[in-house]
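J.: For reference, the structure I am asking about is given below.
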Amino acid sequence: MLHGAELLAALFASDRLRALDLRYCCIADTGLAALAACPHLGGLRRLHLQRNRVTVEDVRSLHRFTELTELDLRYNDLGEAGAQELLAAPFAGSLTRLWPYDSDVGQDGVRKLAQAAHLPPGLRSMWRCV
């Protein structure tokens, strides 16, 4: 049985890491850029970045995670431009869960998310109710 660092090394080496929860870690720009540059995280499906000082520039770096289906960006100041970058991401059409709050993206960002034809219908309806 693998433990600690051996387990992490095995997960990264095999590209099997599917979920990463970094809520409240304050990783900000440099940390998120380093994550996005890691060649062993390309298979991530669930990424939780709640309250990490993520900005619109950081959202652009998330585009590398093409297999994301779940993304938690609550309590990050994304603004309308961040919402637009989320919609431009290659994973946008595959998302089953997307968690920024309306205050994270602003009213114009909410409108963009509610009207995004390539977001799954369930997500669009959720944003229409905000």
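To be explicit about the labels: the chains of the structure tokens are called A, B, and onward in the order shown, and within each one the residues are counted from 1, while ligands get numbers from 1 in the order they are shown.
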What's around A:Arg124 at 12 Å? Count only C-alpha atoms, leave out sequence neighbours fewer than 5 positions away in its own chain, and write the answer as a PDB file with C-alpha atoms, in the first residue's frame.

T.:
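Wrote it out as part-v2.pdb, contents follow:
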```pdb
ATOM      1  CA  LEU A  87     -17.785  30.372 -21.523  1.00  0.00           C
ATOM      2  CA  ALA A  92     -17.810  24.812 -20.876  1.00  0.00           C
ATOM      3  CA  GLY A  93     -20.169  22.511 -22.792  1.00  0.00           C
ATOM      4  CA  LEU A  95     -19.886  21.193 -17.240  1.00  0.00           C
ATOM      5  CA  THR A  96     -22.478  19.566 -15.029  1.00  0.00           C
ATOM      6  CA  ARG A  97     -21.775  21.884 -12.090  1.00  0.00           C
ATOM      7  CA  LEU A  98     -20.486  25.437 -12.068  1.00  0.00           C
ATOM      8  CA  VAL A 110     -25.063  36.290 -14.853  1.00  0.00           C
ATOM      9  CA  ARG A 111     -26.792  37.355 -18.080  1.00  0.00           C
ATOM     10  CA  LYS A 112     -23.964  35.902 -20.172  1.00  0.00           C
ATOM     11  CA  LEU A 113     -24.136  32.577 -18.326  1.00  0.00           C
ATOM     12  CA  ALA A 114     -27.945  32.465 -18.584  1.00  0.00           C
ATOM     13  CA  GLN A 115     -27.844  33.057 -22.342  1.00  0.00           C
ATOM     14  CA  ALA A 116     -24.861  30.854 -23.242  1.00  0.00           C
ATOM     15  CA  ALA A 117     -26.178  28.411 -25.839  1.00  0.00           C
ATOM     16  CA  HIS A 118     -23.286  25.974 -25.385  1.00  0.00           C
ATOM     17  CA  LEU A 119     -23.742  25.584 -21.619  1.00  0.00           C
ATOM     18  CA  CYS A 129     -33.243  32.090 -11.933  1.00  0.00           C
ATOM     19  CA  VAL A 130     -30.561  34.282 -10.341  1.00  0.00           C
TER      20      VAL A 130
END
```

J.: Would you mind reading off the distance between atom CA of A:Asn52 and atom CA of A:Pro90, one decimal, in Å?

T.: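 These two atoms are separated by 21.9 Å.
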
J.: Residues at most 12 Å from stretch 57-61 of chain A, counting only C-alpha atoms, excluding those fewer than 6 positions away in the same chain, as an NGL selection string?

T.: :A and (27-38 or 49 or 71-73 or 76-92 or 100)

J.: To one decimal place in Å, what is the distance between atom CA of A:Pro39 and atom CA of A:Leu68?

T.: 15.0 Å

J.: Got a sec: who's within 9 Å of A:Asp21, counting only C-alpha atoms, leaving out chain neighbours fewer than 3 positions off, as a list of chain:residue names?

T.: A:Arg46, A:Leu47, A:His48, A:Leu49, A:Gln50

J.: For the residues in that selection, give me N, CA and C atoms as an mmCIF file, in the first residue's frame.

T.:
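Output file selection.cif follows:
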```cif
data_model
loop_
_atom_site.group_PDB
_atom_site.id
_atom_site.type_symbol
_atom_site.label_atom_id
_atom_site.label_comp_id
_atom_site.auth_asym_id
_atom_site.auth_seq_id
_atom_site.Cartn_x
_atom_site.Cartn_y
_atom_site.Cartn_z
ATOM 1 N N ARG A 46 -12.959 17.358 -11.686
ATOM 2 C CA ARG A 46 -13.565 18.199 -10.649
ATOM 3 C C ARG A 46 -12.475 19.047 -9.990
ATOM 4 N N LEU A 47 -12.694 20.357 -9.992
ATOM 5 C CA LEU A 47 -11.721 21.282 -9.427
ATOM 6 C C LEU A 47 -12.452 22.299 -8.555
ATOM 7 N N HIS A 48 -12.055 22.358 -7.298
ATOM 8 C CA HIS A 48 -12.696 23.257 -6.337
ATOM 9 C C HIS A 48 -11.690 24.318 -5.910
ATOM 10 N N LEU A 49 -11.991 25.563 -6.272
ATOM 11 C CA LEU A 49 -11.085 26.685 -6.025
ATOM 12 C C LEU A 49 -11.781 27.806 -5.253
ATOM 13 N N GLN A 50 -12.698 27.447 -4.409
ATOM 14 C CA GLN A 50 -13.435 28.430 -3.636
ATOM 15 C C GLN A 50 -12.489 29.284 -2.800
#
```

J.: If DSSP is run on the backbone, what residues of chain A are alpha helix (DSSP H)? A reply as a count of residues only would be ideal.

T.: 59

J.: What residues in chain A get the DSSP label strand (DSSP E or B)? Please answer as a list in words.

T.: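 Restricting chain A to strand (DSSP E or B) produces Ala19, Leu20, Asp21, Arg46, Leu47, His48, Glu70, Leu71, Asp72, Arg97, Leu98 and Trp99 of chain A.
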
J.: Go ahead and write the selection's residues with all heavy atoms as a JSON list (two decimals), in the first residue's frame.

T.:
```json
[["chain", "number", "residue", "atom", "x", "y", "z"],
["A", 19, "ALA", "N", -10.00, 14.56, -9.24],
["A", 19, "ALA", "CA", -10.61, 15.61, -8.43],
["A", 19, "ALA", "C", -9.54, 16.28, -7.58],
["A", 19, "ALA", "O", -8.67, 15.60, -7.04],
["A", 19, "ALA", "CB", -11.70, 15.02, -7.55],
["A", 20, "LEU", "N", -9.63, 17.59, -7.47],
["A", 20, "LEU", "CA", -8.68, 18.34, -6.67],
["A", 20, "LEU", "C", -9.45, 19.43, -5.93],
["A", 20, "LEU", "O", -10.13, 20.25, -6.53],
["A", 20, "LEU", "CB", -7.62, 18.96, -7.57],
["A", 20, "LEU", "CG", -6.41, 19.60, -6.92],
["A", 20, "LEU", "CD1", -5.67, 18.62, -6.02],
["A", 20, "LEU", "CD2", -5.47, 20.13, -7.99],
["A", 21, "ASP", "N", -9.37, 19.39, -4.61],
["A", 21, "ASP", "CA", -10.08, 20.34, -3.77],
["A", 21, "ASP", "C", -9.07, 21.25, -3.08],
["A", 21, "ASP", "O", -8.35, 20.82, -2.19],
["A", 21, "ASP", "CB", -10.91, 19.58, -2.73],
["A", 21, "ASP", "CG", -11.84, 20.50, -1.96],
["A", 21, "ASP", "OD1", -11.59, 21.72, -1.90],
["A", 21, "ASP", "OD2", -12.84, 19.99, -1.43],
["A", 46, "ARG", "N", -12.96, 17.36, -11.69],
["A", 46, "ARG", "CA", -13.56, 18.20, -10.65],
["A", 46, "ARG", "C", -12.48, 19.05, -9.99],
["A", 46, "ARG", "O", -11.50, 18.51, -9.49],
["A", 46, "ARG", "CB", -14.26, 17.33, -9.61],
["A", 46, "ARG", "CG", -15.43, 16.57, -10.18],
["A", 46, "ARG", "CD", -16.21, 15.78, -9.15],
["A", 46, "ARG", "NE", -15.41, 14.97, -8.25],
["A", 46, "ARG", "CZ", -15.02, 13.72, -8.48],
["A", 46, "ARG", "NH1", -15.34, 13.14, -9.62],
["A", 46, "ARG", "NH2", -14.33, 13.06, -7.58],
["A", 47, "LEU", "N", -12.69, 20.36, -9.99],
["A", 47, "LEU", "CA", -11.72, 21.28, -9.43],
["A", 47, "LEU", "C", -12.45, 22.30, -8.55],
["A", 47, "LEU", "O", -13.37, 22.98, -9.01],
["A", 47, "LEU", "CB", -10.96, 22.00, -10.55],
["A", 47, "LEU", "CG", -9.85, 22.96, -10.16],
["A", 47, "LEU", "CD1", -8.78, 22.27, -9.30],
["A", 47, "LEU", "CD2", -9.23, 23.57, -11.40],
["A", 48, "HIS", "N", -12.05, 22.36, -7.30],
["A", 48, "HIS", "CA", -12.70, 23.26, -6.34],
["A", 48, "HIS", "C", -11.69, 24.32, -5.91],
["A", 48, "HIS", "O", -10.68, 24.01, -5.29],
["A", 48, "HIS", "CB", -13.20, 22.46, -5.13],
["A", 48, "HIS", "CG", -14.28, 21.50, -5.50],
["A", 48, "HIS", "ND1", -15.61, 21.82, -5.37],
["A", 48, "HIS", "CD2", -14.24, 20.28, -6.05],
["A", 48, "HIS", "CE1", -16.34, 20.80, -5.81],
["A", 48, "HIS", "NE2", -15.52, 19.85, -6.23],
["A", 70, "GLU", "N", -16.89, 19.74, -13.37],
["A", 70, "GLU", "CA", -17.33, 20.40, -12.14],
["A", 70, "GLU", "C", -16.29, 21.45, -11.75],
["A", 70, "GLU", "O", -15.11, 21.13, -11.64],
["A", 70, "GLU", "CB", -17.43, 19.34, -11.05],
["A", 70, "GLU", "CG", -18.14, 19.72, -9.82],
["A", 70, "GLU", "CD", -18.31, 18.51, -8.91],
["A", 70, "GLU", "OE1", -19.01, 17.56, -9.29],
["A", 70, "GLU", "OE2", -17.71, 18.54, -7.83],
["A", 71, "LEU", "N", -16.74, 22.68, -11.55],
["A", 71, "LEU", "CA", -15.81, 23.76, -11.22],
["A", 71, "LEU", "C", -16.42, 24.67, -10.17],
["A", 71, "LEU", "O", -17.50, 25.24, -10.36],
["A", 71, "LEU", "CB", -15.49, 24.57, -12.49],
["A", 71, "LEU", "CG", -14.49, 25.71, -12.36],
["A", 71, "LEU", "CD1", -13.15, 25.23, -11.82],
["A", 71, "LEU", "CD2", -14.31, 26.40, -13.70],
["A", 72, "ASP", "N", -15.73, 24.80, -9.06],
["A", 72, "ASP", "CA", -16.17, 25.63, -7.94],
["A", 72, "ASP", "C", -15.29, 26.88, -7.88],
["A", 72, "ASP", "O", -14.11, 26.79, -7.58],
["A", 72, "ASP", "CB", -16.07, 24.84, -6.64],
["A", 72, "ASP", "CG", -16.52, 25.63, -5.42],
["A", 72, "ASP", "OD1", -16.83, 26.83, -5.54],
["A", 72, "ASP", "OD2", -16.56, 25.04, -4.34],
["A", 97, "ARG", "N", -21.67, 21.00, -13.25],
["A", 97, "ARG", "CA", -21.77, 21.88, -12.09],
["A", 97, "ARG", "C", -20.80, 23.04, -12.26],
["A", 97, "ARG", "O", -19.64, 22.84, -12.59],
["A", 97, "ARG", "CB", -21.45, 21.14, -10.81],
["A", 97, "ARG", "CG", -22.46, 20.07, -10.52],
["A", 97, "ARG", "CD", -22.15, 19.35, -9.25],
["A", 97, "ARG", "NE", -23.15, 18.32, -9.07],
["A", 97, "ARG", "CZ", -23.22, 17.56, -8.01],
["A", 97, "ARG", "NH1", -22.36, 17.71, -7.03],
["A", 97, "ARG", "NH2", -24.15, 16.64, -7.91],
["A", 98, "LEU", "N", -21.30, 24.23, -11.99],
["A", 98, "LEU", "CA", -20.49, 25.44, -12.07],
["A", 98, "LEU", "C", -20.92, 26.33, -10.93],
["A", 98, "LEU", "O", -22.08, 26.71, -10.84],
["A", 98, "LEU", "CB", -20.71, 26.14, -13.41],
["A", 98, "LEU", "CG", -20.00, 27.48, -13.61],
["A", 98, "LEU", "CD1", -18.48, 27.32, -13.52],
["A", 98, "LEU", "CD2", -20.40, 28.10, -14.94],
["A", 99, "TRP", "N", -19.98, 26.63, -10.04],
["A", 99, "TRP", "CA", -20.32, 27.38, -8.84],
["A", 99, "TRP", "C", -19.58, 28.69, -8.67],
["A", 99, "TRP", "O", -18.78, 28.81, -7.77],
["A", 99, "TRP", "CB", -20.04, 26.55, -7.59],
["A", 99, "TRP", "CG", -20.88, 25.37, -7.38],
["A", 99, "TRP", "CD1", -22.23, 25.34, -7.20],
["A", 99, "TRP", "CD2", -20.44, 24.03, -7.30],
["A", 99, "TRP", "NE1", -22.64, 24.06, -7.01],
["A", 99, "TRP", "CE2", -21.56, 23.22, -7.07],
["A", 99, "TRP", "CE3", -19.19, 23.43, -7.41],
["A", 99, "TRP", "CZ2", -21.48, 21.86, -6.94],
["A", 99, "TRP", "CZ3", -19.11, 22.07, -7.29],
["A", 99, "TRP", "CH2", -20.24, 21.29, -7.06]]
```

J.: Would you work out the distance separating atom CA of A:Tyr75 from atom CA of A:Arg16, expressed in Å to one decimal?

T.: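 Those two atoms sit 28.1 Å apart.
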
J.: Tell me which of A:Tyr24, A:Ser103, A:Leu17, A:Ser125 sits closest to A:Arg51, counting only C-alpha atoms.

T.: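 Using only C-alpha atoms, the shortest distance to A:Arg51 belongs to A:Tyr24.
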
J.: Looking at A:Asp102, A:Arg53, A:Phe65, A:Gly109, which one is nearest to A:Leu22, with distances taken over only C-alpha atoms?

T.: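 Of A:Asp102, A:Arg53, A:Phe65, A:Gly109, the one nearest A:Leu22 is A:Arg53, counting only C-alpha atoms.
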